[in-house]
file coords.txt (compact mmCIF, C-alpha atoms)
# COMPACT_ATOMS: atom_id res chain seq x y z
CA MET A 1 157.62 135.55 67.61
CA THR A 2 156.67 132.89 65.09
CA LEU A 3 158.47 129.62 65.39
CA PRO A 4 159.30 127.52 62.35
CA LYS A 5 156.75 124.72 61.97
CA SER A 6 159.12 121.96 63.11
CA GLN A 7 160.01 123.87 66.28
CA LEU A 8 156.39 124.68 66.89
CA HIS A 9 155.43 121.03 66.65
CA ALA A 10 158.26 120.10 68.99
CA ALA A 11 157.20 122.74 71.49
CA VAL A 12 153.57 121.71 71.36
CA THR A 13 154.45 118.05 71.64
CA THR A 14 156.63 118.74 74.65
CA GLU A 15 153.86 120.77 76.22
CA LEU A 16 151.23 118.13 75.57
CA ASN A 17 153.45 115.36 76.82
CA ALA A 18 153.89 117.21 80.09
CA ALA A 19 150.28 118.11 80.08
CA ALA A 20 148.75 116.60 83.16
CA MET A 21 147.66 120.12 84.06
CA LEU A 22 147.03 121.26 80.51
CA THR A 23 144.22 123.75 80.15
CA ALA A 24 141.61 123.63 77.43
CA GLU A 25 142.96 126.88 76.00
CA ILE A 26 146.48 125.49 75.65
CA ALA A 27 145.04 122.30 74.18
CA LEU A 28 143.06 124.39 71.68
CA GLN A 29 146.22 126.25 70.63
CA ALA A 30 148.12 122.99 70.42
CA ALA A 31 145.44 121.38 68.29
CA ARG A 32 145.35 124.43 66.05
CA ALA A 33 149.12 124.33 65.62
CA LEU A 34 149.21 120.61 64.94
CA ILE A 35 146.17 120.40 62.70
CA GLY A 36 146.56 123.68 60.87
CA ALA A 37 142.84 124.40 61.28
CA VAL A 38 140.67 125.82 64.02
CA PRO A 39 138.82 123.12 65.93
CA ARG A 40 135.23 123.82 66.87
CA GLN A 41 135.99 122.69 70.39
CA VAL A 42 138.71 121.12 72.48
CA ARG A 43 137.85 119.66 75.83
CA ILE A 44 139.77 117.59 78.32
CA GLU A 45 138.13 114.67 80.03
CA GLU A 46 139.74 112.90 82.94
CA ASP A 47 139.53 109.23 82.03
CA PRO A 48 139.93 106.99 85.09
CA ASP A 49 142.02 104.54 83.07
CA TRP A 50 143.98 106.73 80.68
CA GLY A 51 144.29 110.08 82.45
CA PRO A 52 143.62 113.41 80.69
CA THR A 53 142.03 112.67 77.33
CA TYR A 54 141.82 115.39 74.68
CA ILE A 55 138.56 115.45 72.77
CA ILE A 56 138.82 117.63 69.67
CA THR A 57 135.74 118.44 67.61
CA LEU A 58 136.27 119.44 63.99
CA ASP A 59 133.89 120.76 61.38
CA ALA A 60 134.95 118.05 58.99
CA SER A 61 133.84 114.73 57.58
CA ALA A 62 134.57 111.49 59.41
CA SER A 63 137.32 110.51 56.99
CA GLU A 64 139.10 113.85 57.37
CA ALA A 65 138.67 113.89 61.16
CA LEU A 66 140.08 110.38 61.44
CA ARG A 67 142.99 111.24 59.17
CA ILE A 68 143.84 114.15 61.45
CA ASN A 69 143.31 111.96 64.52
CA LEU A 70 145.87 109.49 63.16
CA GLU A 71 148.33 112.28 62.45
CA LEU A 72 147.87 113.70 65.95
CA GLN A 73 148.21 110.34 67.60
CA LYS A 74 151.40 109.60 65.68
CA THR A 75 152.77 112.98 66.79
CA LEU A 76 151.65 112.49 70.38
CA PRO A 77 152.15 108.83 71.31
CA GLY A 78 150.89 108.06 74.76
CA VAL A 79 148.68 111.16 74.92
CA PRO A 80 145.06 110.11 74.33
CA VAL A 81 143.59 112.27 71.56
CA VAL A 82 140.10 111.60 70.20
CA VAL A 83 138.86 113.62 67.24
CA GLU A 84 135.12 113.94 66.71
CA TRP A 85 133.41 115.41 63.66
CA THR A 86 130.32 117.44 62.88
CA GLY A 87 130.28 116.66 59.15
CA PRO A 88 129.01 113.58 57.34
CA THR A 89 130.14 110.09 58.29
CA ASP A 90 131.44 109.25 54.85
CA ILE A 91 132.94 105.86 55.66
CA SER A 92 131.45 102.46 56.41
CA ASN A 93 131.27 101.02 59.92
CA ASP A 94 133.97 98.52 59.00
CA GLU A 95 136.30 101.25 57.81
CA LEU A 96 135.56 103.33 60.90
CA LEU A 97 136.55 100.38 63.07
CA GLN A 98 139.74 99.75 61.10
CA ARG A 99 140.75 103.40 61.31
CA LEU A 100 140.12 103.59 65.05
CA VAL A 101 142.30 100.52 65.54
CA GLU A 102 145.03 102.16 63.48
CA ILE A 103 144.77 105.36 65.53
CA ALA A 104 144.88 103.54 68.87
CA HIS A 105 147.81 101.44 67.63
CA ALA A 106 149.69 104.53 66.43
CA GLY A 107 149.30 106.10 69.87
CA GLY A 108 150.59 102.99 71.59
CA PHE A 109 147.26 102.29 73.31
CA ARG A 110 146.32 98.71 73.99
CA SER A 111 143.63 97.11 76.06
CA ARG A 112 144.46 96.50 79.68
CA ALA A 113 143.20 93.54 81.63
CA THR A 114 141.68 94.04 85.02
CA GLY A 115 141.68 91.41 87.73
CA ASP A 116 143.48 88.11 87.42
CA ILE A 117 144.35 87.02 83.93
CA ASP A 118 146.06 83.92 82.62
CA VAL A 119 145.60 83.65 78.88
CA VAL A 120 147.09 80.15 78.61
CA LYS A 121 144.72 78.88 81.25
CA GLU A 122 141.70 80.62 79.79
CA VAL A 123 142.33 79.51 76.22
CA SER A 124 142.94 75.98 77.49
CA GLN A 125 139.64 76.09 79.34
CA GLN A 126 137.98 77.03 76.08
CA ARG A 127 139.36 73.81 74.67
CA ASP A 128 138.16 71.88 77.68
CA ARG A 129 141.69 70.94 78.58
CA TRP A 130 142.20 72.72 81.86
CA PRO A 131 140.98 70.98 85.01
CA THR A 132 138.31 73.09 86.73
CA MET B 133 156.30 81.16 58.18
CA ALA B 134 154.89 80.38 61.58
CA HIS B 135 151.45 79.53 62.84
CA LEU B 136 150.68 81.37 66.08
CA ASP B 137 148.51 79.57 68.56
CA THR B 138 145.74 81.69 70.07
CA ASN B 139 147.48 82.53 73.33
CA ILE B 140 150.53 84.12 71.66
CA PRO B 141 148.89 87.25 70.19
CA LEU B 142 146.70 87.59 73.29
CA SER B 143 149.61 87.36 75.76
CA HIS B 144 151.66 89.62 73.49
CA ASP B 145 148.98 92.31 73.67
CA LEU B 146 147.97 92.08 77.32
CA ALA B 147 150.81 93.39 79.47
CA GLU B 148 149.12 92.06 82.60
CA ASP B 149 149.30 88.44 81.47
CA PRO B 150 151.95 86.38 83.28
CA ASN B 151 153.39 85.18 79.94
CA HIS B 152 153.43 88.63 78.33
CA LEU B 153 157.21 89.08 78.29
CA TYR B 154 157.72 85.59 76.94
CA ALA B 155 155.20 86.26 74.14
CA VAL B 156 156.88 89.59 73.32
CA GLN B 157 160.25 87.90 73.11
CA LEU B 158 158.87 85.14 70.91
CA VAL B 159 157.17 87.54 68.49
CA GLU B 160 160.29 89.71 68.33
CA ASN B 161 162.41 86.68 67.53
CA LEU B 162 160.06 85.70 64.72
CA ARG B 163 160.10 89.27 63.40
CA ARG B 164 163.89 89.39 63.45
CA ARG B 165 163.98 86.17 61.47
CA GLY B 166 161.57 87.66 58.95
CA GLU B 167 159.00 84.95 59.59
CA GLU B 168 155.51 85.53 58.30
CA MET B 169 153.14 85.06 61.23
CA LEU B 170 149.81 83.48 60.44
CA VAL B 171 146.72 82.58 62.39
CA SER B 172 144.09 80.12 61.28
CA LEU B 173 140.33 80.55 61.22
CA LEU B 174 140.13 78.37 64.32
CA THR B 175 142.52 80.71 66.10
CA LEU B 176 140.36 83.64 65.04
CA VAL B 177 137.31 81.96 66.52
CA GLU B 178 139.16 81.34 69.80
CA LEU B 179 140.46 84.90 69.81
CA TYR B 180 136.99 86.38 69.34
CA ALA B 181 135.52 84.00 71.91
CA HIS B 182 138.13 84.92 74.50
CA ILE B 183 137.83 88.66 73.93
CA SER B 184 134.04 88.61 73.82
CA ARG B 185 133.89 86.81 77.15
CA ARG B 186 136.44 89.19 78.69
CA ILE B 187 135.38 92.46 77.12
CA GLY B 188 133.76 93.73 80.32
CA ALA B 189 137.02 93.24 82.23
CA LEU B 190 139.18 95.08 79.71
CA LYS B 191 140.05 98.76 79.83
CA LEU B 192 139.78 99.76 76.20
CA PRO B 193 141.60 102.62 74.47
CA PRO B 194 139.45 105.79 74.65
CA HIS B 195 139.27 105.85 70.84
CA TYR B 196 136.85 102.90 70.95
CA ALA B 197 134.26 104.72 73.07
CA ARG B 198 132.08 105.47 70.07
CA LEU B 199 131.81 101.79 69.11
CA GLY B 200 129.06 99.39 70.17
CA GLN B 201 129.86 96.36 72.31
CA LYS B 202 130.16 93.95 69.38
CA GLU B 203 132.36 96.38 67.44
CA LYS B 204 134.54 96.89 70.50
CA ALA B 205 135.28 93.15 70.62
CA THR B 206 136.10 93.21 66.91
CA ALA B 207 138.35 96.24 67.39
CA VAL B 208 140.25 94.54 70.21
CA ALA B 209 140.69 91.35 68.18
CA THR B 210 141.87 93.35 65.16
CA HIS B 211 144.24 95.34 67.36
CA VAL B 212 145.65 92.19 68.98
CA LEU B 213 146.54 90.76 65.56
CA LYS B 214 147.88 94.08 64.27
CA HIS B 215 150.07 94.53 67.33
CA ALA B 216 151.60 91.09 66.89
CA GLY B 217 151.90 91.55 63.13
CA ALA B 218 149.90 88.37 62.56
CA GLN B 219 147.79 87.81 59.48
CA PRO B 220 144.67 85.70 59.33
CA VAL B 221 144.83 83.32 56.42
CA ASP B 222 142.03 82.05 54.32
CA ASN B 223 141.86 78.32 54.52
CA THR B 224 139.40 75.53 54.34
CA PRO B 225 138.42 74.38 57.81
CA ALA B 226 136.85 71.22 56.46
CA ASP B 227 140.21 70.03 55.13
CA HIS B 228 141.85 70.61 58.49
CA LEU B 229 139.07 68.87 60.36
CA GLN B 230 139.50 65.93 58.04
CA LYS B 231 143.25 65.97 58.69
CA ALA B 232 142.54 66.25 62.41
CA THR B 233 140.55 63.02 62.35
CA GLN B 234 143.58 61.31 60.80
CA LEU B 235 145.88 62.67 63.52
CA ALA B 236 143.61 61.87 66.43
CA HIS B 237 144.80 58.33 67.06
CA ALA B 238 148.49 59.17 66.84
CA LEU B 239 148.37 62.36 68.92
CA ARG B 240 145.51 61.64 71.34
CA LEU B 241 145.01 65.31 72.08
CA LYS B 242 141.84 67.12 73.08
CA THR B 243 139.46 67.84 70.24
CA LEU B 244 140.27 71.48 69.54
CA ASP B 245 144.03 70.97 69.75
CA LEU B 246 143.93 68.68 66.73
CA PRO B 247 142.80 71.22 64.08
CA HIS B 248 145.59 73.57 65.25
CA ILE B 249 148.17 70.82 64.68
CA ALA B 250 146.55 69.93 61.36
CA TYR B 251 146.81 73.55 60.27
CA ALA B 252 150.48 73.83 61.27
CA LEU B 253 151.21 70.65 59.30
CA HIS B 254 149.32 72.09 56.34
CA LEU B 255 151.59 75.16 56.37
CA ALA B 256 154.66 72.97 56.63
CA GLU B 257 153.57 70.91 53.64
CA ARG B 258 152.81 74.05 51.66
CA ARG B 259 156.28 75.42 52.21
CA HIS B 260 158.10 72.06 52.33
CA THR B 261 159.86 73.34 55.42
CA PRO B 262 159.30 72.63 59.08
CA SER B 263 156.67 75.00 60.44
CA PRO B 264 156.64 75.07 64.17
CA LEU B 265 153.43 75.63 66.05
CA TRP B 266 154.31 78.52 68.30
CA THR B 267 152.53 78.21 71.57
CA GLU B 268 153.04 79.05 75.18
CA LYS B 269 153.21 76.30 77.65
CA SER B 270 152.22 76.99 81.19
CA PRO B 271 154.31 75.22 83.83
CA ARG B 272 151.09 73.60 84.97
CA ASP B 273 150.87 71.84 81.61
CA GLU B 274 153.88 69.78 82.59
CA THR B 275 151.86 67.91 85.16
CA GLN B 276 149.19 66.82 82.72
call {"tool": "encode", "arguments": {"input": "coords.txt", "output": "structure tokens"}}
result
Amino acid sequence: MTLPKSQLHAAVTTELNAAAMLTAEIALQAARALIGAVPRQVRIEEDPDWGPTYIITLDASASEALRINLELQKTLPGVPVVVEWTGPTDISNDELLQRLVEIAHAGGFRSRATGDIDVVKEVSQQRDRWPT
Amino acid sequence: MAHLDTNIPLSHDLAEDPNHLYAVQLVENLRRRGEEMLVSLLTLVELYAHISRRIGALKLPPHYARLGQKEKATAVATHVLKHAGAQPVDNTPADHLQKATQLAHALRLKTLDLPHIAYALHLAERRHTPSPLWTEKSPRDETQ
């Protein structure tokens, strides 16, 4: 049975969102359904900070891979998806950085502080205002 | 138009910070009012300094793994501003330092506080409307 594209996306998204135990094969099918192309490889890495992280390798240029990464991350907020590429890196380092920020932002990923943090105190210390 | 002090976008982004919820509320209020949120060059310097010193103690999004250490700090700083919806503005630091020297006697603040105030006043003069300097105040500040 072939599902309409919208239903397929919904099904894949649901599956990926509940995907703590997702297998590489399911992830490959999901990536194929979402991207509309066959990835060279999909692997899952267990990140100690972010949980299962889906690393998708495409035979594409950097700009195309990052465009797809943004699309995937918008579709799958909260599910870490990193797209790598085997083709040319056809963008500058500055643009690469800006695009990665956009992708992380679209997925709702932000840096997390470890240990004690008190921004007011630390910024004040930078201004030599806080008693040490 | 509002000038965000350095700790606002940082607290807004870092959920572990004790003032995070306050910063979120403040930014949301400014957004609802349609205020343009700006940060000065001095704030950018403080932002980069803070992040660069802390980068080893931050868990970064997995998307940044391919970046070098310097680029990671830049990505975090860019992300912090993007998340808050704050825009860096081009301005002339020399003018604000000059203004800061004129404010020093009246305000008697620490050195780096003065250019922030000078910048907020500059924005207010540009728009001919009051332009508050949005900052977080730790309870411990009250004792100083």
call {"tool": "interface_residues", "arguments": {"input": "coords.txt", "of": "chain A", "to": "chain B", "cutoff": "8 Å", "atoms": "only C-alpha atoms", "output": "MDAnalysis selection string"}}
result
chainID A and resid 49:50 53 80:82 97:98 100:105 109:115 117:123 126:129
call {"tool": "atom_distance", "arguments": {"input": "coords.txt", "atom1": "CA of Val171 (chain B)", "atom2": "CA of Gly107 (chain A)"}}
result
24.8 Å
call {"tool": "atom_distance", "arguments": {"input": "coords.txt", "atom1": "CA of Ala250 (chain B)", "atom2": "CA of Leu229 (chain B)"}}
result
7.6 Å
call {"tool": "atom_distance", "arguments": {"input": "coords.txt", "atom1": "CA of Leu174 (chain B)", "atom2": "CA of Val159 (chain B)"}}
result
19.8 Å
call {"tool": "closest_residue", "arguments": {"input": "coords.txt", "among": "B:Met169, B:Leu176, B:Ala236, B:Ala134", "to": "Ala218 (chain B)", "atoms": "all atoms listed in the file"}}
result
B:Met169
call {"tool": "residues_around", "arguments": {"input": "coords.txt", "residues": "Ala65 (chain A)", "least_positions_apart": "6", "cutoff": "12 Å", "atoms": "all atoms listed in the file", "output": "number ranges by chain"}}
result
A: 35, 37, 39-40, 55-59, 71-72, 81-91, 96, 99-100, 103
call {"tool": "write_last_selection", "arguments": {"input": "coords.txt", "atoms": "C-alpha atoms", "output": "short mmCIF file (atom, residue, chain, number, x, y, z; two decimals), in the coordinates of the input"}}
result
data_model
loop_
_atom_site.label_atom_id
_atom_site.label_comp_id
_atom_site.auth_asym_id
_atom_site.auth_seq_id
_atom_site.Cartn_x
_atom_site.Cartn_y
_atom_site.Cartn_z
CA ILE A 35 146.17 120.40 62.70
CA ALA A 37 142.84 124.40 61.28
CA PRO A 39 138.82 123.12 65.93
CA ARG A 40 135.23 123.82 66.87
CA ILE A 55 138.56 115.45 72.77
CA ILE A 56 138.82 117.63 69.67
CA THR A 57 135.74 118.44 67.61
CA LEU A 58 136.27 119.44 63.99
CA ASP A 59 133.89 120.76 61.38
CA GLU A 71 148.33 112.28 62.45
CA LEU A 72 147.87 113.70 65.95
CA VAL A 81 143.59 112.27 71.56
CA VAL A 82 140.10 111.60 70.20
CA VAL A 83 138.86 113.62 67.24
CA GLU A 84 135.12 113.94 66.71
CA TRP A 85 133.41 115.41 63.66
CA THR A 86 130.32 117.44 62.88
CA GLY A 87 130.28 116.66 59.15
CA PRO A 88 129.01 113.58 57.34
CA THR A 89 130.14 110.09 58.29
CA ASP A 90 131.44 109.25 54.85
CA ILE A 91 132.94 105.86 55.66
CA LEU A 96 135.56 103.33 60.90
CA ARG A 99 140.75 103.40 61.31
CA LEU A 100 140.12 103.59 65.05
CA ILE A 103 144.77 105.36 65.53
#
call {"tool": "residues_around", "arguments": {"input": "coords.txt", "residues": "Glu168 (chain B)", "least_positions_apart": "2", "cutoff": "8 Å", "atoms": "only C-alpha atoms", "output": "JSON, numbers by chain"}}
result
{"B": [133, 134, 162, 163, 166, 170, 218]}
call {"tool": "build_atoms", "arguments": {"input": "coords.txt", "residues": "region 191-219 of chain B", "atoms": "N, CA and C atoms", "output": "PDB file, keeping the file's coordinate frame"}}
result
ATOM      1  N   LYS B 191     140.071  97.302  79.990  1.00  0.00           N
ATOM      2  CA  LYS B 191     140.050  98.760  79.830  1.00  0.00           C
ATOM      3  C   LYS B 191     140.457  99.050  78.396  1.00  0.00           C
ATOM      4  N   LEU B 192     139.525  99.569  77.632  1.00  0.00           N
ATOM      5  CA  LEU B 192     139.780  99.760  76.200  1.00  0.00           C
ATOM      6  C   LEU B 192     140.337 101.153  75.922  1.00  0.00           C
ATOM      7  N   PRO B 193     141.126 101.289  74.860  1.00  0.00           N
ATOM      8  CA  PRO B 193     141.600 102.620  74.470  1.00  0.00           C
ATOM      9  C   PRO B 193     140.425 103.582  74.307  1.00  0.00           C
ATOM     10  N   PRO B 194     140.580 104.840  74.701  1.00  0.00           N
ATOM     11  CA  PRO B 194     139.450 105.790  74.650  1.00  0.00           C
ATOM     12  C   PRO B 194     138.910 105.994  73.237  1.00  0.00           C
ATOM     13  N   HIS B 195     139.707 105.674  72.236  1.00  0.00           N
ATOM     14  CA  HIS B 195     139.270 105.850  70.840  1.00  0.00           C
ATOM     15  C   HIS B 195     138.093 104.933  70.502  1.00  0.00           C
ATOM     16  N   TYR B 196     137.907 103.857  71.284  1.00  0.00           N
ATOM     17  CA  TYR B 196     136.850 102.900  70.950  1.00  0.00           C
ATOM     18  C   TYR B 196     135.515 103.254  71.597  1.00  0.00           C
ATOM     19  N   ALA B 197     135.473 104.382  72.302  1.00  0.00           N
ATOM     20  CA  ALA B 197     134.260 104.720  73.070  1.00  0.00           C
ATOM     21  C   ALA B 197     133.029 104.838  72.179  1.00  0.00           C
ATOM     22  N   ARG B 198     133.234 105.258  70.936  1.00  0.00           N
ATOM     23  CA  ARG B 198     132.080 105.470  70.070  1.00  0.00           C
ATOM     24  C   ARG B 198     131.516 104.158  69.510  1.00  0.00           C
ATOM     25  N   LEU B 199     132.232 103.071  69.688  1.00  0.00           N
ATOM     26  CA  LEU B 199     131.810 101.790  69.110  1.00  0.00           C
ATOM     27  C   LEU B 199     130.811 101.064  70.013  1.00  0.00           C
ATOM     28  N   GLY B 200     129.950 100.260  69.409  1.00  0.00           N
ATOM     29  CA  GLY B 200     129.060  99.390  70.170  1.00  0.00           C
ATOM     30  C   GLY B 200     129.829  98.218  70.759  1.00  0.00           C
ATOM     31  N   GLN B 201     129.175  97.444  71.602  1.00  0.00           N
ATOM     32  CA  GLN B 201     129.860  96.360  72.310  1.00  0.00           C
ATOM     33  C   GLN B 201     130.446  95.330  71.330  1.00  0.00           C
ATOM     34  N   LYS B 202     129.676  94.953  70.337  1.00  0.00           N
ATOM     35  CA  LYS B 202     130.160  93.950  69.380  1.00  0.00           C
ATOM     36  C   LYS B 202     131.361  94.503  68.606  1.00  0.00           C
ATOM     37  N   GLU B 203     131.257  95.769  68.201  1.00  0.00           N
ATOM     38  CA  GLU B 203     132.360  96.380  67.440  1.00  0.00           C
ATOM     39  C   GLU B 203     133.602  96.541  68.313  1.00  0.00           C
ATOM     40  N   LYS B 204     133.384  96.773  69.606  1.00  0.00           N
ATOM     41  CA  LYS B 204     134.540  96.890  70.500  1.00  0.00           C
ATOM     42  C   LYS B 204     135.317  95.574  70.537  1.00  0.00           C
ATOM     43  N   ALA B 205     134.603  94.456  70.610  1.00  0.00           N
ATOM     44  CA  ALA B 205     135.280  93.150  70.620  1.00  0.00           C
ATOM     45  C   ALA B 205     136.050  92.946  69.314  1.00  0.00           C
ATOM     46  N   THR B 206     135.431  93.340  68.207  1.00  0.00           N
ATOM     47  CA  THR B 206     136.100  93.210  66.910  1.00  0.00           C
ATOM     48  C   THR B 206     137.336  94.101  66.858  1.00  0.00           C
ATOM     49  N   ALA B 207     137.204  95.322  67.397  1.00  0.00           N
ATOM     50  CA  ALA B 207     138.350  96.240  67.390  1.00  0.00           C
ATOM     51  C   ALA B 207     139.502  95.670  68.216  1.00  0.00           C
ATOM     52  N   VAL B 208     139.189  95.112  69.374  1.00  0.00           N
ATOM     53  CA  VAL B 208     140.250  94.540  70.210  1.00  0.00           C
ATOM     54  C   VAL B 208     140.919  93.372  69.498  1.00  0.00           C
ATOM     55  N   ALA B 209     140.113  92.505  68.895  1.00  0.00           N
ATOM     56  CA  ALA B 209     140.690  91.350  68.180  1.00  0.00           C
ATOM     57  C   ALA B 209     141.573  91.821  67.018  1.00  0.00           C
ATOM     58  N   THR B 210     141.092  92.816  66.285  1.00  0.00           N
ATOM     59  CA  THR B 210     141.870  93.350  65.160  1.00  0.00           C
ATOM     60  C   THR B 210     143.169  93.970  65.663  1.00  0.00           C
ATOM     61  N   HIS B 211     143.065  94.682  66.783  1.00  0.00           N
ATOM     62  CA  HIS B 211     144.240  95.340  67.360  1.00  0.00           C
ATOM     63  C   HIS B 211     145.259  94.315  67.848  1.00  0.00           C
ATOM     64  N   VAL B 212     144.761  93.248  68.475  1.00  0.00           N
ATOM     65  CA  VAL B 212     145.650  92.190  68.980  1.00  0.00           C
ATOM     66  C   VAL B 212     146.486  91.609  67.831  1.00  0.00           C
ATOM     67  N   LEU B 213     145.823  91.332  66.706  1.00  0.00           N
ATOM     68  CA  LEU B 213     146.540  90.760  65.560  1.00  0.00           C
ATOM     69  C   LEU B 213     147.492  91.779  64.941  1.00  0.00           C
ATOM     70  N   LYS B 214     147.043  93.029  64.858  1.00  0.00           N
ATOM     71  CA  LYS B 214     147.880  94.080  64.270  1.00  0.00           C
ATOM     72  C   LYS B 214     149.131  94.289  65.125  1.00  0.00           C
ATOM     73  N   HIS B 215     148.940  94.302  66.434  1.00  0.00           N
ATOM     74  CA  HIS B 215     150.070  94.530  67.330  1.00  0.00           C
ATOM     75  C   HIS B 215     151.113  93.426  67.199  1.00  0.00           C
ATOM     76  N   ALA B 216     150.656  92.209  67.040  1.00  0.00           N
ATOM     77  CA  ALA B 216     151.600  91.090  66.890  1.00  0.00           C
ATOM     78  C   ALA B 216     152.161  91.015  65.471  1.00  0.00           C
ATOM     79  N   GLY B 217     151.479  91.661  64.534  1.00  0.00           N
ATOM     80  CA  GLY B 217     151.900  91.550  63.130  1.00  0.00           C
ATOM     81  C   GLY B 217     151.473  90.240  62.513  1.00  0.00           C
ATOM     82  N   ALA B 218     150.383  89.674  63.054  1.00  0.00           N
ATOM     83  CA  ALA B 218     149.900  88.370  62.560  1.00  0.00           C
ATOM     84  C   ALA B 218     148.796  88.583  61.540  1.00  0.00           C
ATOM     85  N   GLN B 219     148.789  87.720  60.545  1.00  0.00           N
ATOM     86  CA  GLN B 219     147.790  87.810  59.480  1.00  0.00           C
ATOM     87  C   GLN B 219     146.870  86.598  59.539  1.00  0.00           C
TER      88      GLN B 219
END
